[in-house]
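Peer 1: What follows is the file upload_9.pdb, containing PDB, C-alpha atoms and all ligand atoms:
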```
ATOM      1  CA  MET Z 762     -28.391 -20.315 -61.254
ATOM      2  CA  PRO Z 763     -25.882 -17.542 -62.096
ATOM      3  CA  SER Z 764     -24.295 -17.768 -65.551
ATOM      4  CA  SER Z 765     -20.764 -19.234 -65.723
ATOM      5  CA  LEU Z 766     -19.881 -16.018 -67.584
ATOM      6  CA  ALA Z 767     -20.935 -13.718 -64.724
ATOM      7  CA  SER Z 768     -18.116 -11.280 -63.874
ATOM      8  CA  LYS Z 769     -15.830 -12.812 -66.518
ATOM      9  CA  TRP Z 770     -13.831 -10.408 -68.693
ATOM     10  CA  VAL Z 771     -14.778 -10.649 -72.375
ATOM     11  CA  LEU Z 772     -12.875  -8.672 -75.033
ATOM     12  CA  ILE Z 773     -14.638  -8.208 -78.376
ATOM     13  CA  THR Z 774     -13.054  -6.640 -81.462
ATOM     14  CA  GLY Z 775     -15.349  -5.024 -84.023
ATOM     15  CA  ALA Z 776     -17.954  -4.364 -81.332
ATOM     16  CA  SER Z 777     -19.380  -1.277 -83.051
ATOM     17  CA  SER Z 778     -21.827  -3.163 -85.289
ATOM     18  CA  GLY Z 779     -23.094  -6.545 -86.486
ATOM     19  CA  PHE Z 780     -21.916  -9.693 -84.701
ATOM     20  CA  GLY Z 781     -19.590  -7.796 -82.362
ATOM     21  CA  ALA Z 782     -22.249  -5.404 -81.030
ATOM     22  CA  ALA Z 783     -24.796  -8.235 -80.716
ATOM     23  CA  ALA Z 784     -22.211 -10.370 -78.900
ATOM     24  CA  ALA Z 785     -21.508  -7.504 -76.486
ATOM     25  CA  ARG Z 786     -25.231  -7.342 -75.661
ATOM     26  CA  ALA Z 787     -25.513 -11.139 -75.322
ATOM     27  CA  PHE Z 788     -22.509 -11.396 -72.964
ATOM     28  CA  ALA Z 789     -23.853  -8.407 -71.016
ATOM     29  CA  ARG Z 790     -27.088 -10.329 -70.394
ATOM     30  CA  GLU Z 791     -24.921 -13.090 -68.864
ATOM     31  CA  GLY Z 792     -23.403 -10.565 -66.461
ATOM     32  CA  ALA Z 793     -19.977 -10.530 -68.130
ATOM     33  CA  LYS Z 794     -17.602  -7.545 -67.956
ATOM     34  CA  LEU Z 795     -16.734  -6.142 -71.350
ATOM     35  CA  LEU Z 796     -13.791  -4.615 -73.171
ATOM     36  CA  LEU Z 797     -15.002  -3.358 -76.535
ATOM     37  CA  GLY Z 798     -12.882  -2.175 -79.458
ATOM     38  CA  ALA Z 799     -13.442  -0.818 -82.988
ATOM     39  CA  ARG Z 800     -12.614   2.330 -84.956
ATOM     40  CA  ARG Z 801     -16.030   4.060 -84.581
ATOM     41  CA  ILE Z 802     -15.858   5.224 -80.989
ATOM     42  CA  ASP Z 803     -19.324   6.896 -80.978
ATOM     43  CA  ARG Z 804     -20.889   3.538 -81.848
ATOM     44  CA  LEU Z 805     -18.870   1.784 -79.134
ATOM     45  CA  GLU Z 806     -20.016   4.326 -76.566
ATOM     46  CA  ALA Z 807     -23.663   3.550 -77.410
ATOM     47  CA  VAL Z 808     -23.087  -0.231 -77.323
ATOM     48  CA  ALA Z 809     -21.298   0.007 -73.948
ATOM     49  CA  ALA Z 810     -24.139   2.088 -72.463
ATOM     50  CA  GLU Z 811     -26.673  -0.480 -73.683
ATOM     51  CA  CYS Z 812     -24.586  -3.324 -72.215
ATOM     52  CA  LYS Z 813     -24.584  -1.715 -68.783
ATOM     53  CA  LYS Z 814     -28.375  -1.460 -68.915
ATOM     54  CA  LEU Z 815     -28.577  -5.143 -69.895
ATOM     55  CA  GLY Z 816     -26.592  -6.268 -66.854
ATOM     56  CA  ALA Z 817     -22.863  -5.943 -67.584
ATOM     57  CA  PRO Z 818     -21.164  -4.949 -64.288
ATOM     58  CA  ASP Z 819     -18.558  -3.118 -66.378
ATOM     59  CA  ALA Z 820     -18.381  -2.189 -70.080
ATOM     60  CA  GLN Z 821     -15.243  -0.350 -71.135
ATOM     61  CA  PHE Z 822     -14.463   0.724 -74.692
ATOM     62  CA  ALA Z 823     -11.542   2.242 -76.582
ATOM     63  CA  ALA Z 824     -10.540   2.942 -80.161
ATOM     64  CA  LEU Z 825      -8.964  -0.029 -81.873
ATOM     65  CA  ASP Z 826      -7.641  -0.473 -85.388
ATOM     66  CA  VAL Z 827      -6.612  -4.117 -85.778
ATOM     67  CA  ALA Z 828      -4.688  -3.135 -88.920
ATOM     68  CA  SER Z 829      -2.152  -1.306 -86.744
ATOM     69  CA  THR Z 830       0.233  -3.002 -84.310
ATOM     70  CA  THR Z 831       0.560   0.272 -82.377
ATOM     71  CA  SER Z 832      -3.201   0.514 -81.955
ATOM     72  CA  VAL Z 833      -3.521  -3.155 -80.958
ATOM     73  CA  ASN Z 834      -0.765  -2.847 -78.369
ATOM     74  CA  ALA Z 835      -2.324   0.341 -76.970
ATOM     75  CA  PHE Z 836      -5.643  -1.499 -76.709
ATOM     76  CA  ALA Z 837      -3.973  -4.380 -74.835
ATOM     77  CA  ASP Z 838      -2.492  -1.809 -72.406
ATOM     78  CA  PHE Z 839      -5.994  -0.380 -71.938
ATOM     79  CA  ALA Z 840      -7.268  -3.917 -71.216
ATOM     80  CA  ARG Z 841      -4.472  -4.477 -68.664
ATOM     81  CA  ARG Z 842      -5.484  -1.286 -66.852
ATOM     82  CA  HIS Z 843      -8.842  -2.977 -66.135
ATOM     83  CA  THR Z 844      -7.870  -6.589 -65.539
ATOM     84  CA  ASP Z 845      -4.824  -8.816 -65.181
ATOM     85  CA  LYS Z 846      -6.582 -11.772 -66.784
ATOM     86  CA  LEU Z 847      -8.865 -12.216 -69.736
ATOM     87  CA  ASP Z 848     -11.504 -14.958 -69.897
ATOM     88  CA  VAL Z 849     -12.746 -14.626 -73.489
ATOM     89  CA  LEU Z 850     -11.186 -12.997 -76.555
ATOM     90  CA  ILE Z 851     -13.444 -12.715 -79.597
ATOM     91  CA  ASN Z 852     -11.492 -11.867 -82.748
ATOM     92  CA  ASN Z 853     -14.422 -10.601 -84.787
ATOM     93  CA  ALA Z 854     -13.192  -7.394 -86.491
ATOM     94  CA  GLY Z 855     -12.959  -7.863 -90.233
ATOM     95  CA  GLY Z 856     -14.991  -8.084 -93.371
ATOM     96  CA  ALA Z 857     -14.839  -7.962 -97.147
ATOM     97  CA  LYS Z 858     -14.199  -5.125 -99.618
ATOM     98  CA  GLY Z 859     -15.250  -5.531-103.227
ATOM     99  CA  LEU Z 860     -16.427  -8.516-105.241
ATOM    100  CA  GLU Z 861     -14.045  -8.155-108.165
ATOM    101  CA  THR Z 862     -12.319 -11.033-109.907
ATOM    102  CA  VAL Z 863      -8.563 -11.349-109.420
ATOM    103  CA  ALA Z 864      -8.102  -9.701-112.834
ATOM    104  CA  ASP Z 865      -9.919  -6.575-111.648
ATOM    105  CA  GLY Z 866      -8.920  -6.657-107.957
ATOM    106  CA  LYS Z 867      -7.753  -3.523-106.126
ATOM    107  CA  ASP Z 868      -4.721  -3.411-103.860
ATOM    108  CA  GLU Z 869      -6.497  -1.348-101.196
ATOM    109  CA  ASP Z 870      -9.348  -3.885-100.965
ATOM    110  CA  TRP Z 871      -6.965  -6.849-100.722
ATOM    111  CA  GLU Z 872      -4.927  -5.010 -98.112
ATOM    112  CA  PHE Z 873      -8.023  -4.260 -95.991
ATOM    113  CA  MET Z 874      -9.062  -7.932 -96.046
ATOM    114  CA  MET Z 875      -5.618  -9.286 -95.172
ATOM    115  CA  GLN Z 876      -4.922  -6.609 -92.562
ATOM    116  CA  THR Z 877      -8.173  -7.158 -90.664
ATOM    117  CA  ASN Z 878      -9.157 -10.819 -91.083
ATOM    118  CA  VAL Z 879      -5.631 -12.280 -90.972
ATOM    119  CA  LEU Z 880      -3.049  -9.923 -89.469
ATOM    120  CA  GLY Z 881      -5.615  -8.414 -87.089
ATOM    121  CA  VAL Z 882      -6.318 -11.833 -85.578
ATOM    122  CA  LEU Z 883      -2.588 -12.539 -85.202
ATOM    123  CA  ARG Z 884      -1.838  -9.128 -83.656
ATOM    124  CA  MET Z 885      -4.747  -9.174 -81.216
ATOM    125  CA  THR Z 886      -4.009 -12.727 -80.133
ATOM    126  CA  ARG Z 887      -0.306 -12.008 -79.585
ATOM    127  CA  ALA Z 888      -1.139  -8.925 -77.534
ATOM    128  CA  CYS Z 889      -3.767 -10.684 -75.389
ATOM    129  CA  LEU Z 890      -2.095 -14.052 -74.826
ATOM    130  CA  PRO Z 891      -0.180 -12.931 -71.704
ATOM    131  CA  LEU Z 892      -3.584 -12.231 -70.096
ATOM    132  CA  MET Z 893      -4.883 -15.687 -71.042
ATOM    133  CA  VAL Z 894      -2.142 -18.274 -70.608
ATOM    134  CA  LYS Z 895      -2.215 -17.730 -66.850
ATOM    135  CA  ASN Z 896      -5.964 -18.370 -66.951
ATOM    136  CA  PRO Z 897      -6.740 -22.019 -67.852
ATOM    137  CA  GLY Z 898     -10.275 -22.400 -69.216
ATOM    138  CA  SER Z 899     -10.135 -19.073 -71.030
ATOM    139  CA  SER Z 900     -11.334 -19.012 -74.654
ATOM    140  CA  ILE Z 901     -10.166 -17.465 -77.885
ATOM    141  CA  ILE Z 902     -12.975 -17.442 -80.432
ATOM    142  CA  ASN Z 903     -12.129 -16.375 -83.968
ATOM    143  CA  ILE Z 904     -14.831 -15.425 -86.444
ATOM    144  CA  GLY Z 905     -14.208 -17.213 -89.710
ATOM    145  CA  SER Z 906     -16.652 -17.765 -92.542
ATOM    146  CA  ILE Z 907     -17.938 -20.458 -94.857
ATOM    147  CA  ALA Z 908     -15.901 -18.418 -97.363
ATOM    148  CA  GLY Z 909     -12.763 -19.794 -95.691
ATOM    149  CA  ARG Z 910     -13.894 -23.304 -96.575
ATOM    150  CA  VAL Z 911     -15.404 -22.943-100.075
ATOM    151  CA  ALA Z 912     -14.239 -20.437-102.710
ATOM    152  CA  TYR Z 913     -16.555 -18.293-104.826
ATOM    153  CA  GLU Z 914     -15.994 -16.023-107.840
ATOM    154  CA  GLY Z 915     -15.052 -12.515-106.776
ATOM    155  CA  GLY Z 916     -14.157 -13.790-103.305
ATOM    156  CA  SER Z 917     -10.495 -14.678-103.863
ATOM    157  CA  ALA Z 918      -8.970 -12.354-101.269
ATOM    158  CA  TYR Z 919     -11.806 -12.704 -98.748
ATOM    159  CA  CYS Z 920     -11.857 -16.506 -99.088
ATOM    160  CA  ALA Z 921      -8.061 -16.555 -98.754
ATOM    161  CA  ALA Z 922      -8.235 -14.342 -95.677
ATOM    162  CA  LYS Z 923     -10.837 -16.498 -93.934
ATOM    163  CA  ALA Z 924      -8.961 -19.683 -94.924
ATOM    164  CA  GLY Z 925      -5.979 -17.993 -93.247
ATOM    165  CA  GLU Z 926      -8.054 -17.388 -90.120
ATOM    166  CA  LEU Z 927      -8.967 -21.094 -90.023
ATOM    167  CA  GLN Z 928      -5.315 -22.155 -90.236
ATOM    168  CA  ILE Z 929      -4.296 -19.607 -87.578
ATOM    169  CA  THR Z 930      -6.967 -21.097 -85.314
ATOM    170  CA  LYS Z 931      -5.648 -24.622 -85.880
ATOM    171  CA  ALA Z 932      -1.984 -23.676 -85.383
ATOM    172  CA  LEU Z 933      -2.763 -21.681 -82.232
ATOM    173  CA  ARG Z 934      -4.670 -24.596 -80.702
ATOM    174  CA  LEU Z 935      -1.553 -26.756 -81.161
ATOM    175  CA  GLU Z 936       0.730 -24.046 -79.767
ATOM    176  CA  LEU Z 937      -1.446 -23.604 -76.671
ATOM    177  CA  SER Z 938      -1.787 -27.310 -75.943
ATOM    178  CA  GLY Z 939      -1.270 -27.845 -72.220
ATOM    179  CA  THR Z 940      -2.100 -24.277 -71.203
ATOM    180  CA  GLY Z 941      -5.844 -24.885 -70.824
ATOM    181  CA  VAL Z 942      -6.596 -22.033 -73.245
ATOM    182  CA  ARG Z 943      -9.287 -23.088 -75.713
ATOM    183  CA  VAL Z 944      -9.236 -21.976 -79.347
ATOM    184  CA  SER Z 945     -12.369 -22.049 -81.500
ATOM    185  CA  THR Z 946     -13.542 -20.832 -84.857
ATOM    186  CA  VAL Z 947     -17.168 -19.908 -85.504
ATOM    187  CA  ASP Z 948     -17.795 -19.771 -89.257
ATOM    188  CA  PRO Z 949     -21.099 -18.228 -90.359
ATOM    189  CA  GLY Z 950     -22.691 -18.117 -93.779
ATOM    190  CA  LEU Z 951     -24.958 -15.354 -95.050
ATOM    191  CA  ALA Z 952     -25.899 -12.997 -92.194
ATOM    192  CA  GLU Z 953     -27.490  -9.570 -92.553
ATOM    193  CA  THR Z 954     -25.274  -7.021 -90.817
ATOM    194  CA  GLU Z 955     -23.292  -4.095 -92.243
ATOM    195  CA  PHE Z 956     -21.060  -6.688 -93.965
ATOM    196  CA  SER Z 957     -22.468  -6.166 -97.490
ATOM    197  CA  ILE Z 958     -22.702  -2.377 -97.085
ATOM    198  CA  VAL Z 959     -18.973  -2.399 -96.307
ATOM    199  CA  ARG Z 960     -18.262  -4.873 -99.127
ATOM    200  CA  PHE Z 961     -20.113  -2.638-101.627
ATOM    201  CA  LYS Z 962     -18.603   0.542-100.166
ATOM    202  CA  GLY Z 963     -21.807   2.155 -98.964
ATOM    203  CA  ASP Z 964     -24.096   1.032-101.812
ATOM    204  CA  GLU Z 965     -27.054   0.077 -99.604
ATOM    205  CA  ALA Z 966     -29.350  -0.924-102.491
ATOM    206  CA  ARG Z 967     -26.766  -3.415-103.792
ATOM    207  CA  ALA Z 968     -26.182  -4.694-100.260
ATOM    208  CA  LYS Z 969     -29.924  -5.229 -99.722
ATOM    209  CA  LYS Z 970     -30.126  -7.377-102.892
ATOM    210  CA  VAL Z 971     -27.753  -9.954-101.344
ATOM    211  CA  TYR Z 972     -30.491 -10.923 -98.876
ATOM    212  CA  GLU Z 973     -33.493 -10.515-101.196
ATOM    213  CA  GLY Z 974     -36.014 -13.357-100.869
ATOM    214  CA  VAL Z 975     -33.842 -15.130 -98.278
ATOM    215  CA  GLU Z 976     -34.124 -15.353 -94.521
ATOM    216  CA  PRO Z 977     -30.483 -14.823 -93.558
ATOM    217  CA  LEU Z 978     -28.846 -15.350 -90.178
ATOM    218  CA  THR Z 979     -29.040 -12.404 -87.801
ATOM    219  CA  ALA Z 980     -26.270 -10.957 -85.668
ATOM    220  CA  GLU Z 981     -28.196 -12.246 -82.643
ATOM    221  CA  ASP Z 982     -28.055 -15.836 -83.971
ATOM    222  CA  ILE Z 983     -24.266 -15.629 -83.982
ATOM    223  CA  ALA Z 984     -24.074 -13.813 -80.627
ATOM    224  CA  GLU Z 985     -26.088 -16.575 -78.973
ATOM    225  CA  THR Z 986     -23.698 -19.169 -80.414
ATOM    226  CA  LEU Z 987     -20.664 -17.271 -79.141
ATOM    227  CA  VAL Z 988     -22.122 -17.228 -75.625
ATOM    228  CA  TRP Z 989     -22.733 -20.983 -75.877
ATOM    229  CA  VAL Z 990     -19.187 -21.716 -77.090
ATOM    230  CA  ALA Z 991     -17.630 -19.565 -74.349
ATOM    231  CA  SER Z 992     -19.764 -21.072 -71.598
ATOM    232  CA  ARG Z 993     -18.870 -24.748 -72.154
ATOM    233  CA  PRO Z 994     -17.073 -26.331 -69.186
ATOM    234  CA  ALA Z 995     -13.304 -25.751 -69.146
ATOM    235  CA  HIS Z 996     -12.516 -29.284 -70.378
ATOM    236  CA  VAL Z 997     -14.689 -28.819 -73.511
ATOM    237  CA  CYS Z 998     -13.344 -27.017 -76.588
ATOM    238  CA  ILE Z 999     -15.650 -26.400 -79.548
ATOM    239  CA  ASP Z1000     -12.949 -26.556 -82.229
ATOM    240  CA  GLU Z1001     -14.983 -25.487 -85.255
ATOM    241  CA  MET Z1002     -18.564 -24.514 -85.890
ATOM    242  CA  VAL Z1003     -20.187 -23.791 -89.270
ATOM    243  CA  ILE Z1004     -23.543 -22.005 -89.128
ATOM    244  CA  LYS Z1005     -25.694 -21.217 -92.151
ATOM    245  CA  CYS Z1006     -29.259 -20.077 -92.554
ATOM    246  CA  THR Z1007     -31.650 -22.808 -93.622
ATOM    247  CA  ASP Z1008     -32.055 -21.113 -97.010
ATOM    248  CA  GLN Z1009     -28.312 -21.562 -97.708
ATOM    249  CA  ALA Z1010     -27.846 -25.290 -98.330
ATOM    250  CA  ALA Z1011     -24.354 -24.565 -99.684
ATOM    251  CA  ILE Z1012     -22.371 -21.407-100.441
ATOM    252  CA  HIS Z1013     -23.726 -21.375-104.022
ATOM    253  CA  LYS Z1014     -27.167 -22.815-103.295
ATOM    254  CA  LEU Z1015     -29.471 -20.176-101.880
ATOM    255  CA  HIS Z1016     -33.189 -20.731-101.827
ATOM    256  CA  ARG Z1017     -34.757 -17.363-102.803
ATOM    257  CA  ARG Z1018     -38.481 -16.769-102.608
ATOM    258  CA  PRO Z1019     -40.096 -14.564-105.248
ATOM    259  CA  VAL Z1020     -40.104 -10.935-104.096
ATOM    260  CA  THR Z1021     -43.357  -9.027-104.517
ATOM    261  CA  GLN Z1022     -42.804  -5.296-105.176
TER     262      GLN Z1022
HETATM  263  P1  LIG Z1101     -20.074  -5.500 -89.765
HETATM  264  O1  LIG Z1101     -19.557  -4.720 -90.912
HETATM  265  O2  LIG Z1101     -21.413  -5.167 -89.224
HETATM  266  O3  LIG Z1101     -19.024  -5.468 -88.559
HETATM  267  C1  LIG Z1101     -17.640  -5.450 -88.790
HETATM  268  C2  LIG Z1101     -16.947  -4.947 -87.542
HETATM  269  O4  LIG Z1101     -15.538  -5.005 -87.742
HETATM  270  C3  LIG Z1101     -17.320  -3.515 -87.222
HETATM  271  O5  LIG Z1101     -17.554  -3.376 -85.850
HETATM  272  C4  LIG Z1101     -16.080  -2.735 -87.633
HETATM  273  O6  LIG Z1101     -15.910  -1.604 -86.770
HETATM  274  C5  LIG Z1101     -15.000  -3.770 -87.335
HETATM  275  N1  LIG Z1101     -13.758  -3.473 -88.055
HETATM  276  C6  LIG Z1101     -13.546  -3.439 -89.388
HETATM  277  N2  LIG Z1101     -12.282  -3.066 -89.641
HETATM  278  C7  LIG Z1101     -11.685  -2.873 -88.435
HETATM  279  C8  LIG Z1101     -10.385  -2.485 -88.033
HETATM  280  N3  LIG Z1101      -9.430  -2.200 -88.913
HETATM  281  N4  LIG Z1101     -10.120  -2.386 -86.706
HETATM  282  C9  LIG Z1101     -11.080  -2.649 -85.795
HETATM  283  N5  LIG Z1101     -12.331  -3.013 -86.117
HETATM  284  C10 LIG Z1101     -12.616  -3.133 -87.420
HETATM  285  O7  LIG Z1101     -20.053  -7.029 -90.243
HETATM  286  P2  LIG Z1101     -20.232  -8.415 -89.441
HETATM  287  O8  LIG Z1101     -20.710  -8.200 -88.087
HETATM  288  O9  LIG Z1101     -21.005  -9.278 -90.348
HETATM  289  O10 LIG Z1101     -18.729  -8.921 -89.456
HETATM  290  C11 LIG Z1101     -18.066  -9.395 -88.308
HETATM  291  C12 LIG Z1101     -17.142 -10.534 -88.718
HETATM  292  O11 LIG Z1101     -17.932 -11.608 -89.221
HETATM  293  C13 LIG Z1101     -16.153 -10.208 -89.827
HETATM  294  O12 LIG Z1101     -14.927 -10.827 -89.510
HETATM  295  C14 LIG Z1101     -16.779 -10.843 -91.073
HETATM  296  O13 LIG Z1101     -15.829 -11.163 -92.029
HETATM  297  C15 LIG Z1101     -17.395 -12.076 -90.436
HETATM  298  N6  LIG Z1101     -18.455 -12.743 -91.180
HETATM  299  C16 LIG Z1101     -19.586 -12.063 -91.590
HETATM  300  C17 LIG Z1101     -20.587 -12.751 -92.244
HETATM  301  C18 LIG Z1101     -21.812 -12.066 -92.750
HETATM  302  O14 LIG Z1101     -22.456 -12.602 -93.678
HETATM  303  N7  LIG Z1101     -22.225 -10.943 -92.180
HETATM  304  C19 LIG Z1101     -20.495 -14.197 -92.454
HETATM  305  C20 LIG Z1101     -19.282 -14.786 -92.000
HETATM  306  C21 LIG Z1101     -18.321 -14.091 -91.370
HETATM  307  P3  LIG Z1101     -15.381  -0.159 -87.207
HETATM  308  O15 LIG Z1101     -15.766   0.058 -88.644
HETATM  309  O16 LIG Z1101     -16.062   0.757 -86.237
HETATM  310  O17 LIG Z1101     -13.908  -0.221 -86.995
HETATM  311  C1  LIG Z1102     -19.488 -13.724 -95.292
HETATM  312  C2  LIG Z1102     -20.329 -14.771 -95.968
HETATM  313  O1  LIG Z1102     -21.014 -15.763 -98.190
HETATM  314  O2  LIG Z1102     -20.492 -13.404 -98.159
HETATM  315  O3  LIG Z1102     -18.370 -14.289 -94.717
HETATM  316  O4  LIG Z1102     -18.742 -14.999 -98.010
HETATM  317  S1  LIG Z1102     -20.094 -14.727 -97.651
END
```
Go through the file and emit its structure as structure tokens.
Peer 2:
Amino acid sequence: MPSSLASKWVLITGASSGFGAAAARAFAREGAKLLLGARRIDRLEAVAAECKKLGAPDAQFAALDVASTTSVNAFADFARRHTDKLDVLINNAGGAKGLETVADGKDEDWEFMMQTNVLGVLRMTRACLPLMVKNPGSSIINIGSIAGRVAYEGGSAYCAAKAGELQITKALRLELSGTGVRVSTVDPGLAETEFSIVRFKGDEARAKKVYEGVEPLTAEDIAETLVWVASRPAHVCIDEMVIKCTDQAAIHKLHRRPVTQ
């Protein structure tokens, strides 16, 4: 039986690595058509080429900086040049910078987290809504985090940003009531992507330590979930989903096995 996502248009932000790139590949396997955005265009080009090989009938990409309204609006124009309706919007671009306490926090880190995880979701959604409200059954899936639900030391701005994403998701679902547009949040826990490398500003050894002795989620685990959420029948909305690896019983309770050197 053909997938319900075959030939559907799926727009993914932050498709150059991690969850976004894995989601692009997973939707490609379903035969979906893709619109991929991020700042690293060389990475997007490689992901789009891979998606075509995996079965995407179309995989278009363009530079996107969700921290800029001009860039977001230009990306929406690019999307409109390919389609007049969007079936799935995945607001995935974002991340964390730094793990400092509030006392030691840096403006540029806070600004990155608010610009991408909060304002980026608002901007992208505003720009894409005209392509979705005329398409009942379409889905907006925002990537939140367990950090938006439980605070941790050094996570003030990131936790605040993801809590913001959760509230945006809830408000949007109310605003879109009656349009048939579904609004979901998928909130992962610890997953090994480039997330910690970005958080620790390129310090790969420090990033690696986050996952030491643990079997974290993979980008593919989340991609598979996104495909499942987007492929529910039109009358079914998965409001919220929290996904953690089995080793993470709670945000502060990680089961770590001894590491042999
Ligand atoms: P990655 O760092 O691997 O991916 C982040 C993606 O976001 C990249 O494609 C990056 O692309 C993109 N991005 C960052 N800033 C911008 C911007 N200004 N404009 C456009 N794209 C941007 O990490 P993940 O895949 O893990 O992160 C994806 C999402 O998942 C994030 O929202 C993150 O907060 C969330 N998350 C991650 C968890 C984890 O443990 N990994 C757990 C829970 C949630 P580029 O740099 O090319 O612009
Ligand atoms: C990323 C997961 O635990 O680093 O959203 O906040 S965590």
Peer 1: Once the PyMOL selection byres (((chain Z and resi 811) around 12) and not hetatm) has been applied to the shown file, what residues remain in the selection, as a ChimeraX atom specification?
Peer 2: /Z:777,782-783,785-790,795,804-810,812-821
Peer 1: Residues within 7 Å of ligand LIG 1101 (chain Z), counting all atoms listed in the file: report them as a PyMOL selection string.
Peer 2: chain Z and resi 774-781+798-802+825-828+853-857+877-878+904-907+948-956+959+980
Peer 1: One number please: CA of Thr946 in chain Z to CA of Glu1001 in chain Z, in Å, one decimal.
Peer 2: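 Answer for the CA of Thr946 in chain Z to CA of Glu1001 in chain Z separation: 4.9 Å.
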Peer 1: Using all atoms listed in the file, which protein or nucleic acid residues come within 9 Å of Val947 in chain Z? Drop anything in the same chain fewer than 2 positions from it, and give the result as a ChimeraX atom specification.
Peer 2: /Z:902-906,945,949,983,986-987,990,999-1004
Peer 1: Grab the residues selected above and save them as a PDB file, keeping the file's coordinate frame with C-alpha atoms.
Peer 2:
```
ATOM      1  CA  ILE Z 902     -12.975 -17.442 -80.432  1.00  0.00           C
ATOM      2  CA  ASN Z 903     -12.129 -16.375 -83.968  1.00  0.00           C
ATOM      3  CA  ILE Z 904     -14.831 -15.425 -86.444  1.00  0.00           C
ATOM      4  CA  GLY Z 905     -14.208 -17.213 -89.710  1.00  0.00           C
ATOM      5  CA  SER Z 906     -16.652 -17.765 -92.542  1.00  0.00           C
ATOM      6  CA  SER Z 945     -12.369 -22.049 -81.500  1.00  0.00           C
ATOM      7  CA  PRO Z 949     -21.099 -18.228 -90.359  1.00  0.00           C
ATOM      8  CA  ILE Z 983     -24.266 -15.629 -83.982  1.00  0.00           C
ATOM      9  CA  THR Z 986     -23.698 -19.169 -80.414  1.00  0.00           C
ATOM     10  CA  LEU Z 987     -20.664 -17.271 -79.141  1.00  0.00           C
ATOM     11  CA  VAL Z 990     -19.187 -21.716 -77.090  1.00  0.00           C
ATOM     12  CA  ILE Z 999     -15.650 -26.400 -79.548  1.00  0.00           C
ATOM     13  CA  ASP Z1000     -12.949 -26.556 -82.229  1.00  0.00           C
ATOM     14  CA  GLU Z1001     -14.983 -25.487 -85.255  1.00  0.00           C
ATOM     15  CA  MET Z1002     -18.564 -24.514 -85.890  1.00  0.00           C
ATOM     16  CA  VAL Z1003     -20.187 -23.791 -89.270  1.00  0.00           C
ATOM     17  CA  ILE Z1004     -23.543 -22.005 -89.128  1.00  0.00           C
TER      18      ILE Z1004
END
```
Peer 1: Which residues are close to Asp865 in chain Z, i.e. within 12 Å by only C-alpha atoms, leaving aside same-chain residues fewer than 3 positions away? Reply as a list in words.
Peer 2: Gly859, Leu860, Glu861, Thr862, Asp868, Asp870, Trp871, Glu914, Gly915, Gly916, Ser917 and Ala918 of chain Z
Peer 1: Using all atoms listed in the file, which of Z:Lys769, Z:Leu883, Z:Ala912, Z:Ala784 sits nearest Glu985 in chain Z?
Peer 2: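 That would be Z:Ala784, the residue with the smallest distance to Glu985 in chain Z.
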Peer 1: For ligand LIG 1102 (chain Z), what centre and edge lengths in Å (one decimal) does the axis-aligned box get once 3 Å is added on each side of all its listed atoms, as JSON?
Peer 2:
```
{"center_x": -19.7, "center_y": -14.6, "center_z": -96.5, "size_x": 8.6, "size_y": 8.4, "size_z": 9.5}
```
Peer 1: Smallest atom-to-atom distance to ligand LIG 1102 (chain Z): which of Z:Gly881, Z:Gly925, Z:Gly909, Z:Gly974, using all atoms listed in the file?
Peer 2: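 So, comparing all the options, the nearest one is Z:Gly909.
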Peer 1: In Å, rounded to a single decimal, give me how far CA of Met874 in chain Z is from CA of Asp1008 in chain Z.
Peer 2: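 So the two atoms, CA of Asp1008 in chain Z and CA of Met874 in chain Z, lie 26.5 Å apart.
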Peer 1: Interatomic distance between atom C1 of ligand LIG 1102 (chain Z) and CA of Ala995 in chain Z?
Peer 2: 29.4 Å
Peer 1: Which one is closest to Thr831 in chain Z: Z:Val849, Z:Ile958, Z:Val894, Z:Met885? Count all atoms listed in the file.
Peer 2: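 Ranked by minimum distance to Thr831 in chain Z, first place goes to Z:Met885.
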Peer 1: For ligand LIG 1102 (chain Z), which residue among Z:Ala864, Z:Ala984, Z:Leu880, Z:Ala924 is the nearest when counting all atoms listed in the file?
Peer 2: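 Among the listed residues, Z:Ala924 lies closest to ligand LIG 1102 (chain Z).
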